[in-house]
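Heads up, upload_28.cif below (mmCIF, C-alpha atoms):
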```cif
data_structure
loop_
_atom_site.group_PDB
_atom_site.id
_atom_site.type_symbol
_atom_site.label_atom_id
_atom_site.label_comp_id
_atom_site.auth_asym_id
_atom_site.auth_seq_id
_atom_site.Cartn_x
_atom_site.Cartn_y
_atom_site.Cartn_z
ATOM 1 C CA MET A 1 -49.321 35.047 -77.481
ATOM 2 C CA THR A 2 -50.099 31.480 -78.494
ATOM 3 C CA GLU A 3 -53.109 30.486 -80.526
ATOM 4 C CA THR A 4 -54.720 28.830 -77.491
ATOM 5 C CA THR A 5 -54.524 32.129 -75.607
ATOM 6 C CA ALA A 6 -56.093 34.025 -78.465
ATOM 7 C CA LEU A 7 -58.940 31.488 -78.605
ATOM 8 C CA ALA A 8 -59.503 31.438 -74.857
ATOM 9 C CA LEU A 9 -59.950 35.197 -74.576
ATOM 10 C CA GLU A 10 -62.749 37.320 -75.927
ATOM 11 C CA PRO A 11 -61.537 39.836 -78.516
ATOM 12 C CA GLY A 12 -60.049 42.992 -77.071
ATOM 13 C CA HIS A 13 -59.448 41.478 -73.651
ATOM 14 C CA THR A 14 -56.347 41.866 -71.550
ATOM 15 C CA LEU A 15 -54.517 39.104 -69.734
ATOM 16 C CA VAL A 16 -53.796 40.147 -66.151
ATOM 17 C CA SER A 17 -50.491 38.887 -64.761
ATOM 18 C CA TYR A 18 -50.455 36.406 -61.868
ATOM 19 C CA ARG A 19 -48.217 38.861 -60.014
ATOM 20 C CA THR A 20 -50.989 41.494 -60.089
ATOM 21 C CA TYR A 21 -53.435 39.032 -58.512
ATOM 22 C CA TRP A 22 -51.074 38.110 -55.701
ATOM 23 C CA LEU A 23 -50.110 41.729 -55.035
ATOM 24 C CA ALA A 24 -53.836 42.481 -54.748
ATOM 25 C CA TRP A 25 -54.144 39.524 -52.363
ATOM 26 C CA GLY A 26 -51.358 40.913 -50.124
ATOM 27 C CA PHE A 27 -52.943 44.345 -50.163
ATOM 28 C CA LEU A 28 -56.359 42.908 -49.218
ATOM 29 C CA LEU A 29 -54.863 40.940 -46.328
ATOM 30 C CA LEU A 30 -53.036 43.988 -44.958
ATOM 31 C CA LEU A 31 -56.153 46.108 -45.309
ATOM 32 C CA THR A 32 -58.208 43.467 -43.459
ATOM 33 C CA ILE A 33 -55.755 43.489 -40.540
ATOM 34 C CA ALA A 34 -55.704 47.294 -40.484
ATOM 35 C CA MET A 35 -59.509 47.386 -40.384
ATOM 36 C CA VAL A 36 -59.624 45.147 -37.307
ATOM 37 C CA PHE A 37 -57.606 47.724 -35.378
ATOM 38 C CA VAL A 38 -59.319 50.931 -36.444
ATOM 39 C CA GLN A 39 -62.473 52.384 -34.914
ATOM 40 C CA GLY A 40 -65.289 54.451 -36.348
ATOM 41 C CA PRO A 41 -67.867 53.665 -39.032
ATOM 42 C CA LEU A 42 -66.591 56.145 -41.621
ATOM 43 C CA VAL A 43 -63.044 54.729 -41.708
ATOM 44 C CA LEU A 44 -64.438 51.199 -41.868
ATOM 45 C CA ILE A 45 -66.845 52.066 -44.693
ATOM 46 C CA ALA A 46 -63.930 53.602 -46.612
ATOM 47 C CA GLY A 47 -61.909 50.409 -45.995
ATOM 48 C CA MET A 48 -64.767 48.166 -47.176
ATOM 49 C CA THR A 49 -65.231 50.264 -50.316
ATOM 50 C CA LEU A 50 -61.517 50.096 -51.093
ATOM 51 C CA LYS A 51 -61.444 46.313 -50.616
ATOM 52 C CA ALA A 52 -64.556 45.821 -52.748
ATOM 53 C CA SER A 53 -63.067 48.026 -55.490
ATOM 54 C CA VAL A 54 -59.849 45.978 -55.605
ATOM 55 C CA ILE A 55 -61.850 42.742 -55.864
ATOM 56 C CA ALA A 56 -64.171 44.115 -58.580
ATOM 57 C CA LEU A 57 -61.517 45.905 -60.646
ATOM 58 C CA LEU A 58 -58.738 43.293 -60.509
ATOM 59 C CA PHE A 59 -60.150 39.889 -59.556
ATOM 60 C CA MET A 60 -63.414 40.377 -61.469
ATOM 61 C CA HIS A 61 -61.575 42.149 -64.337
ATOM 62 C CA LEU A 62 -63.999 45.070 -64.259
ATOM 63 C CA GLY A 63 -61.061 47.435 -64.694
ATOM 64 C CA PHE A 64 -60.241 45.776 -68.014
ATOM 65 C CA GLU A 65 -63.722 45.585 -69.529
ATOM 66 C CA LYS A 66 -65.269 48.072 -71.914
ATOM 67 C CA LEU A 67 -65.994 51.290 -70.003
ATOM 68 C CA ASP A 68 -69.731 50.994 -70.837
ATOM 69 C CA LEU A 69 -69.997 47.716 -68.934
ATOM 70 C CA THR A 70 -67.934 48.958 -65.981
ATOM 71 C CA LEU A 71 -70.139 52.043 -65.671
ATOM 72 C CA VAL A 72 -73.444 50.157 -65.992
ATOM 73 C CA ILE A 73 -72.422 47.776 -63.221
ATOM 74 C CA ALA A 74 -70.814 50.354 -60.945
ATOM 75 C CA ILE A 75 -73.630 52.894 -61.249
ATOM 76 C CA SER A 76 -76.409 50.359 -60.689
ATOM 77 C CA ILE A 77 -74.813 48.716 -57.653
ATOM 78 C CA VAL A 78 -73.347 51.829 -56.020
ATOM 79 C CA GLY A 79 -76.280 54.112 -56.905
ATOM 80 C CA LEU A 80 -79.019 51.778 -55.718
ATOM 81 C CA SER A 81 -77.093 50.863 -52.564
ATOM 82 C CA LEU A 82 -76.591 54.539 -51.721
ATOM 83 C CA LEU A 83 -80.319 55.098 -52.191
ATOM 84 C CA LEU A 84 -81.141 52.095 -50.009
ATOM 85 C CA PHE A 85 -78.767 53.017 -47.172
ATOM 86 C CA GLY A 86 -79.418 56.746 -47.561
ATOM 87 C CA LEU A 87 -83.144 56.234 -47.038
ATOM 88 C CA MET A 88 -83.023 53.630 -44.282
ATOM 89 C CA ILE A 89 -80.101 54.580 -42.035
ATOM 90 C CA PRO A 90 -81.269 58.140 -41.194
ATOM 91 C CA ASP A 91 -84.753 56.737 -40.439
ATOM 92 C CA GLY A 92 -83.284 54.166 -38.081
ATOM 93 C CA ARG A 93 -81.304 56.864 -36.317
ATOM 94 C CA ALA A 94 -84.404 59.026 -35.940
ATOM 95 C CA MET A 95 -86.359 56.305 -34.114
ATOM 96 C CA MET B 1 -75.919 54.972 -94.423
ATOM 97 C CA THR B 2 -78.811 52.649 -93.628
ATOM 98 C CA GLY B 3 -80.783 52.687 -90.397
ATOM 99 C CA ALA B 4 -79.245 49.393 -89.325
ATOM 100 C CA THR B 5 -75.703 50.744 -89.671
ATOM 101 C CA ILE B 6 -76.584 53.765 -87.554
ATOM 102 C CA ALA B 7 -78.055 51.505 -84.869
ATOM 103 C CA VAL B 8 -74.882 49.407 -84.876
ATOM 104 C CA ASP B 9 -72.783 52.564 -84.608
ATOM 105 C CA ARG B 10 -74.836 53.742 -81.655
ATOM 106 C CA TRP B 11 -74.265 50.519 -79.797
ATOM 107 C CA ARG B 12 -70.606 50.633 -80.780
ATOM 108 C CA GLY B 13 -70.428 46.866 -80.410
ATOM 109 C CA GLY B 14 -72.690 45.355 -83.038
ATOM 110 C CA VAL B 15 -74.222 42.194 -81.660
ATOM 111 C CA SER B 16 -72.108 42.455 -78.512
ATOM 112 C CA PRO B 17 -72.478 46.028 -77.221
ATOM 113 C CA TYR B 18 -70.535 45.432 -74.039
ATOM 114 C CA GLY B 19 -67.816 43.400 -75.723
ATOM 115 C CA ILE B 20 -68.566 40.274 -73.665
ATOM 116 C CA SER B 21 -70.513 37.056 -74.246
ATOM 117 C CA TRP B 22 -74.189 36.928 -73.264
ATOM 118 C CA GLN B 23 -73.318 34.320 -70.646
ATOM 119 C CA LYS B 24 -70.952 36.713 -68.914
ATOM 120 C CA LEU B 25 -73.475 39.552 -69.191
ATOM 121 C CA MET B 26 -76.114 37.343 -67.537
ATOM 122 C CA MET B 27 -73.663 36.462 -64.762
ATOM 123 C CA TRP B 28 -73.139 40.180 -64.164
ATOM 124 C CA TRP B 29 -76.917 40.755 -64.003
ATOM 125 C CA LEU B 30 -77.162 37.942 -61.468
ATOM 126 C CA ILE B 31 -74.360 39.543 -59.453
ATOM 127 C CA ILE B 32 -76.015 42.989 -59.526
ATOM 128 C CA THR B 33 -79.410 41.696 -58.391
ATOM 129 C CA ASP B 34 -77.924 39.340 -55.824
ATOM 130 C CA GLY B 35 -75.705 42.170 -54.580
ATOM 131 C CA LEU B 36 -78.770 44.347 -54.098
ATOM 132 C CA LEU B 37 -80.421 41.546 -52.130
ATOM 133 C CA PHE B 38 -77.475 41.499 -49.727
ATOM 134 C CA GLY B 39 -77.521 45.322 -49.765
ATOM 135 C CA SER B 40 -81.157 45.218 -48.624
ATOM 136 C CA PHE B 41 -80.326 42.783 -45.834
ATOM 137 C CA LEU B 42 -77.495 44.990 -44.596
ATOM 138 C CA ALA B 43 -79.547 48.197 -44.872
ATOM 139 C CA SER B 44 -82.382 46.563 -42.964
ATOM 140 C CA TYR B 45 -79.887 45.347 -40.350
ATOM 141 C CA GLY B 46 -78.449 48.882 -40.063
ATOM 142 C CA PHE B 47 -81.935 50.341 -39.658
ATOM 143 C CA ASN B 48 -82.877 47.887 -36.901
ATOM 144 C CA ARG B 49 -79.574 48.244 -35.116
ATOM 145 C CA LEU B 50 -79.905 52.035 -34.965
ATOM 146 C CA ALA B 51 -83.612 51.894 -34.122
ATOM 147 C CA ALA B 52 -82.942 49.442 -31.262
ATOM 148 C CA GLY B 53 -80.785 52.069 -29.576
ATOM 149 C CA THR B 54 -78.638 49.409 -27.947
ATOM 150 C CA TRP B 55 -76.710 46.532 -29.540
ATOM 151 C CA PRO B 56 -74.675 43.678 -28.025
ATOM 152 C CA ASP B 57 -70.914 44.298 -27.792
ATOM 153 C CA ARG B 58 -69.483 42.375 -30.767
ATOM 154 C CA SER B 59 -66.279 41.462 -28.907
ATOM 155 C CA HIS B 60 -68.350 39.717 -26.206
ATOM 156 C CA VAL B 61 -70.209 37.576 -28.700
ATOM 157 C CA PHE B 62 -67.709 36.883 -31.485
ATOM 158 C CA HIS B 63 -64.066 35.872 -31.578
ATOM 159 C CA ILE B 64 -62.902 38.577 -33.948
ATOM 160 C CA GLU B 65 -59.491 36.892 -34.498
ATOM 161 C CA PHE B 66 -61.260 33.742 -35.660
ATOM 162 C CA ILE B 67 -63.541 35.697 -38.019
ATOM 163 C CA THR B 68 -60.482 37.538 -39.387
ATOM 164 C CA LEU B 69 -58.895 34.149 -40.090
ATOM 165 C CA MET B 70 -62.058 33.081 -41.964
ATOM 166 C CA THR B 71 -61.832 36.292 -43.968
ATOM 167 C CA PHE B 72 -58.180 35.526 -44.833
ATOM 168 C CA VAL B 73 -59.176 32.080 -46.063
ATOM 169 C CA LEU B 74 -61.916 33.507 -48.300
ATOM 170 C CA ILE B 75 -59.702 36.268 -49.719
ATOM 171 C CA THR B 76 -56.979 33.710 -50.419
ATOM 172 C CA SER B 77 -59.480 31.476 -52.203
ATOM 173 C CA SER B 78 -60.410 34.474 -54.346
ATOM 174 C CA ALA B 79 -56.752 34.963 -55.301
ATOM 175 C CA THR B 80 -56.378 31.262 -56.181
ATOM 176 C CA MET B 81 -59.585 31.529 -58.248
ATOM 177 C CA ALA B 82 -58.192 34.521 -60.154
ATOM 178 C CA THR B 83 -55.040 32.478 -60.818
ATOM 179 C CA ALA B 84 -57.164 29.549 -62.061
ATOM 180 C CA VAL B 85 -59.000 31.860 -64.480
ATOM 181 C CA GLY B 86 -55.650 33.283 -65.612
ATOM 182 C CA GLY B 87 -54.361 29.757 -66.224
ATOM 183 C CA ALA B 88 -57.470 28.803 -68.218
ATOM 184 C CA GLN B 89 -57.178 31.957 -70.336
ATOM 185 C CA ARG B 90 -53.548 31.149 -71.127
ATOM 186 C CA GLY B 91 -54.500 27.629 -72.160
ATOM 187 C CA ASP B 92 -52.547 26.292 -69.155
ATOM 188 C CA THR B 93 -55.103 23.731 -67.959
ATOM 189 C CA LYS B 94 -52.739 22.261 -65.370
ATOM 190 C CA THR B 95 -52.487 25.558 -63.472
ATOM 191 C CA ALA B 96 -56.219 26.134 -63.904
ATOM 192 C CA ARG B 97 -57.075 22.718 -62.434
ATOM 193 C CA ARG B 98 -54.641 22.934 -59.542
ATOM 194 C CA PHE B 99 -55.841 26.380 -58.489
ATOM 195 C CA LEU B 100 -59.495 25.418 -58.915
ATOM 196 C CA TRP B 101 -59.011 22.635 -56.375
ATOM 197 C CA LEU B 102 -57.140 25.017 -54.062
ATOM 198 C CA THR B 103 -60.100 27.398 -54.311
ATOM 199 C CA ILE B 104 -62.476 24.589 -53.375
ATOM 200 C CA LEU B 105 -60.238 23.770 -50.411
ATOM 201 C CA GLY B 106 -60.391 27.417 -49.289
ATOM 202 C CA GLY B 107 -64.187 27.467 -49.650
ATOM 203 C CA LEU B 108 -64.486 24.294 -47.581
ATOM 204 C CA GLY B 109 -62.216 25.825 -44.933
ATOM 205 C CA PHE B 110 -64.403 28.927 -44.787
ATOM 206 C CA LEU B 111 -67.611 26.894 -44.467
ATOM 207 C CA GLY B 112 -65.992 24.745 -41.769
ATOM 208 C CA CYS B 113 -65.071 27.862 -39.781
ATOM 209 C CA GLN B 114 -68.593 29.179 -40.201
ATOM 210 C CA ALA B 115 -70.027 25.914 -38.904
ATOM 211 C CA VAL B 116 -67.783 26.203 -35.820
ATOM 212 C CA GLU B 117 -68.930 29.803 -35.286
ATOM 213 C CA TRP B 118 -72.622 28.930 -35.603
ATOM 214 C CA TRP B 119 -72.069 26.031 -33.224
ATOM 215 C CA GLN B 120 -70.649 28.413 -30.613
ATOM 216 C CA VAL B 121 -73.366 31.057 -31.059
ATOM 217 C CA ILE B 122 -76.157 28.467 -30.941
ATOM 218 C CA GLY B 123 -74.443 26.830 -27.957
ATOM 219 C CA ALA B 124 -74.549 30.171 -26.132
ATOM 220 C CA GLY B 125 -78.334 30.101 -26.456
ATOM 221 C CA ALA B 126 -78.959 32.196 -29.578
ATOM 222 C CA SER B 127 -81.732 31.396 -32.049
ATOM 223 C CA LEU B 128 -83.669 33.187 -34.798
ATOM 224 C CA LYS B 129 -86.124 34.447 -32.167
ATOM 225 C CA GLY B 130 -83.885 35.529 -29.347
ATOM 226 C CA ASN B 131 -80.499 35.427 -27.615
ATOM 227 C CA PRO B 132 -78.924 35.950 -24.214
ATOM 228 C CA TRP B 133 -77.470 39.343 -25.213
ATOM 229 C CA GLY B 134 -80.715 41.275 -25.005
ATOM 230 C CA VAL B 135 -81.658 42.443 -28.513
ATOM 231 C CA PRO B 136 -83.622 39.693 -30.351
ATOM 232 C CA GLY B 137 -82.893 41.260 -33.764
ATOM 233 C CA PHE B 138 -79.176 40.712 -33.216
ATOM 234 C CA SER B 139 -79.277 36.936 -33.638
ATOM 235 C CA SER B 140 -82.065 37.055 -36.276
ATOM 236 C CA TYR B 141 -79.880 39.195 -38.511
ATOM 237 C CA PHE B 142 -76.782 37.208 -37.671
ATOM 238 C CA PHE B 143 -78.327 33.917 -38.802
ATOM 239 C CA LEU B 144 -80.135 35.457 -41.778
ATOM 240 C CA ILE B 145 -77.150 37.295 -43.236
ATOM 241 C CA THR B 146 -74.350 34.809 -42.504
ATOM 242 C CA GLY B 147 -76.692 31.933 -43.418
ATOM 243 C CA PHE B 148 -77.549 33.471 -46.767
ATOM 244 C CA HIS B 149 -73.890 34.116 -47.458
ATOM 245 C CA GLY B 150 -72.938 30.585 -46.385
ATOM 246 C CA THR B 151 -75.556 29.200 -48.786
ATOM 247 C CA HIS B 152 -73.926 31.214 -51.567
ATOM 248 C CA VAL B 153 -70.541 29.740 -50.640
ATOM 249 C CA LEU B 154 -72.054 26.245 -50.739
ATOM 250 C CA ILE B 155 -73.598 26.856 -54.187
ATOM 251 C CA GLY B 156 -70.240 28.259 -55.339
ATOM 252 C CA LEU B 157 -68.479 25.125 -54.107
ATOM 253 C CA ILE B 158 -70.873 22.897 -56.076
ATOM 254 C CA VAL B 159 -70.327 24.998 -59.218
ATOM 255 C CA LEU B 160 -66.540 24.920 -58.704
ATOM 256 C CA ALA B 161 -66.558 21.153 -58.172
ATOM 257 C CA VAL B 162 -68.459 20.681 -61.454
ATOM 258 C CA VAL B 163 -66.082 23.039 -63.295
ATOM 259 C CA ALA B 164 -62.978 21.371 -61.798
ATOM 260 C CA THR B 165 -64.226 17.877 -62.652
ATOM 261 C CA LYS B 166 -65.129 18.905 -66.210
ATOM 262 C CA SER B 167 -61.771 20.633 -66.509
ATOM 263 C CA SER B 168 -60.006 17.387 -65.518
ATOM 264 C CA ARG B 169 -61.683 15.728 -68.507
ATOM 265 C CA GLY B 170 -60.757 18.683 -70.700
ATOM 266 C CA ALA B 171 -64.460 19.457 -71.123
ATOM 267 C CA CYS B 172 -64.515 22.947 -69.649
ATOM 268 C CA SER B 173 -63.750 26.113 -71.618
ATOM 269 C CA ALA B 174 -61.810 29.095 -70.272
ATOM 270 C CA ALA B 175 -65.066 31.061 -70.447
ATOM 271 C CA GLY B 176 -66.700 28.510 -68.129
ATOM 272 C CA VAL B 177 -63.927 28.859 -65.574
ATOM 273 C CA GLU B 178 -64.213 32.647 -65.832
ATOM 274 C CA LEU B 179 -67.979 32.578 -65.159
ATOM 275 C CA ALA B 180 -67.508 30.418 -62.055
ATOM 276 C CA GLY B 181 -64.721 32.808 -61.019
ATOM 277 C CA LEU B 182 -66.956 35.873 -61.321
ATOM 278 C CA TYR B 183 -69.501 34.263 -59.000
ATOM 279 C CA TRP B 184 -66.818 33.219 -56.507
ATOM 280 C CA HIS B 185 -65.285 36.706 -56.351
ATOM 281 C CA PHE B 186 -68.769 38.099 -55.797
ATOM 282 C CA VAL B 187 -69.203 35.836 -52.766
ATOM 283 C CA ASP B 188 -65.886 37.184 -51.446
ATOM 284 C CA LEU B 189 -66.957 40.770 -52.172
ATOM 285 C CA VAL B 190 -70.194 40.351 -50.221
ATOM 286 C CA TRP B 191 -68.240 38.973 -47.271
ATOM 287 C CA VAL B 192 -66.146 42.177 -47.200
ATOM 288 C CA PHE B 193 -69.322 44.081 -46.330
ATOM 289 C CA ILE B 194 -70.708 41.475 -43.940
ATOM 290 C CA PHE B 195 -67.380 41.334 -42.093
ATOM 291 C CA GLY B 196 -67.250 45.128 -41.892
ATOM 292 C CA CYS B 197 -70.882 45.828 -41.032
ATOM 293 C CA PHE B 198 -71.536 42.937 -38.674
ATOM 294 C CA TYR B 199 -68.221 42.191 -37.008
ATOM 295 C CA LEU B 200 -66.256 45.458 -37.099
ATOM 296 C CA ILE B 201 -68.645 48.416 -36.873
#
```
As structure tokens - that is how I would like this structure written.
Amino acid sequence: MTETTALALEPGHTLVSYRTYWLAWGFLLLLTIAMVFVQGPLVLIAGMTLKASVIALLFMHLGFEKLDLTLVIAISIVGLSLLLFGLMIPDGRAM
Amino acid sequence: MTGATIAVDRWRGGVSPYGISWQKLMMWWLIITDGLLFGSFLASYGFNRLAAGTWPDRSHVFHIEFITLMTFVLITSSATMATAVGGAQRGDTKTARRFLWLTILGGLGFLGCQAVEWWQVIGAGASLKGNPWGVPGFSSYFFLITGFHGTHVLIGLIVLAVVATKSSRGACSAAGVELAGLYWHFVDLVWVFIFGCFYLI
């Protein structure tokens, strides 16, 4: 690790290899193609969640942050979205 | 042990409880709130779509292959952005700059595709108030959600252009590139849900 690297990163942070990013890219592309050919909301929601997780954990480095931060972000976004969709979608269906 | 020490121990991070700079923490707060805004749009769209009982057949209105291509372009720009951040963190400004410009190119490509798509949908007679496919809410939500996302892409492109230009002068820190990157990945992440909810389901 050079001195420039040490300065550029916040303490305790991990450098993610370029290879990891481009493997994630390949995976996301394949998943996108697969999702075009499948039917049914549940499978598609699972696919979207998987894609979003790869982007958040690898590209946005959330998988390498302090667990406190990862949990605060994941719980607020996922929890509030579940509440939002959980309250509105059944109502829409009932109309 | 003094009260202050105990408080520091509780936070387990002293002045930086999450182990990141305040700038990055603020970017995350922006992403959470902005994400919830898009979440509200999509939930409201889902509600109206189900309540309407009927919804236009997506394959009649959209060219799914073309939208998939747009999605590829955006995902690729996210990967180039991650590489640019990686370059900046390694002190490799040449890689950072090159991949920042590639990211901008990808963003421009995505916006160009979106302009073509809007052109076709508007050309078919759709507006915010109504459309030839029967359900007025269909085109309202289409323009609202894709328009809001497109605006985010445009803002991201402006931010990236500033970062790339500053980086060319050696005036941009790795942390600056990382902040722009977080925002750009967020724009990609939102598109995952728009693509899935609007074009695939």
Target residues per the PyMOL selection byres ((chain A) within 7 of (chain B)), formatted as a PyMOL selection string = chain A and resi 4-5+8-10+18+21-22+25+29+36+40-41+44+48+52+55+59-60+66+68-69+77+81+84-85+88-89+92-93+95
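Residue neighbourhood of Ala124 of chain B, excluding near-sequence residues (fewer than 6 positions): Val61, Trp118, Asn131, Pro132 and Trp133 of chain B, at 10 Å, using all atoms listed in the file.
Shortest atom-to-atom contact with Thr20 of chain A among A:Gly47, A:Ile33, A:Leu57, A:Ala94: A:Leu57, counting only C-alpha atoms.
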Just need the box for segment 91-96 of chain B, edges along x, y and z, holding every atom the file lists for it with 8 Å tacked onto each side, so centre and edge lengths in Å to one decimal, as lines of an AutoDock Vina configuration file.
```
center_x = -54.4
center_y = 24.9
center_z = -67.8
size_x = 19.7
size_y = 21.4
size_z = 24.7
```
Identify, on the basis of all atoms listed in the file, every residue whose closest approach to Thr70 of chain A does not exceed 10 Å; exclude the query and any residue fewer than 4 positions from it along the same chain; express the result as a compact mmCIF listing (two decimals) with C-alpha atoms, keeping the file's coordinate frame.
```txt
# COMPACT_ATOMS: atom_id res chain seq x y z
CA ALA A 56 -64.17 44.12 -58.58
CA LEU A 57 -61.52 45.90 -60.65
CA HIS A 61 -61.58 42.15 -64.34
CA LEU A 62 -64.00 45.07 -64.26
CA GLY A 63 -61.06 47.44 -64.69
CA PHE A 64 -60.24 45.78 -68.01
CA GLU A 65 -63.72 45.58 -69.53
CA LYS A 66 -65.27 48.07 -71.91
CA ALA A 74 -70.81 50.35 -60.94
CA ILE A 75 -73.63 52.89 -61.25
CA TYR B 18 -70.54 45.43 -74.04
```
Quick one, how far is atom CA of Ser139 of chain B from atom CA of Ser127 of chain B?
-> 6.3 Å
Atomic distance atom CA of Ile67 of chain B - atom CA of His149 of chain B, expressed in Å with one decimal | 14.1 Å
Residue members of the PyMOL selection byres ((chain B and resi 99-110) around 7) in the file shown, as JSON, numbers by chain | {"B": [70, 73, 74, 77, 80, 81, 83, 84, 95, 96, 97, 98, 111, 112, 113, 114, 153, 157, 160, 164]}
Rounded to one decimal in Å, what is the spacing between atom CA of Thr93 of chain B and atom CA of Leu15 of chain A?
-> 15.5 Å
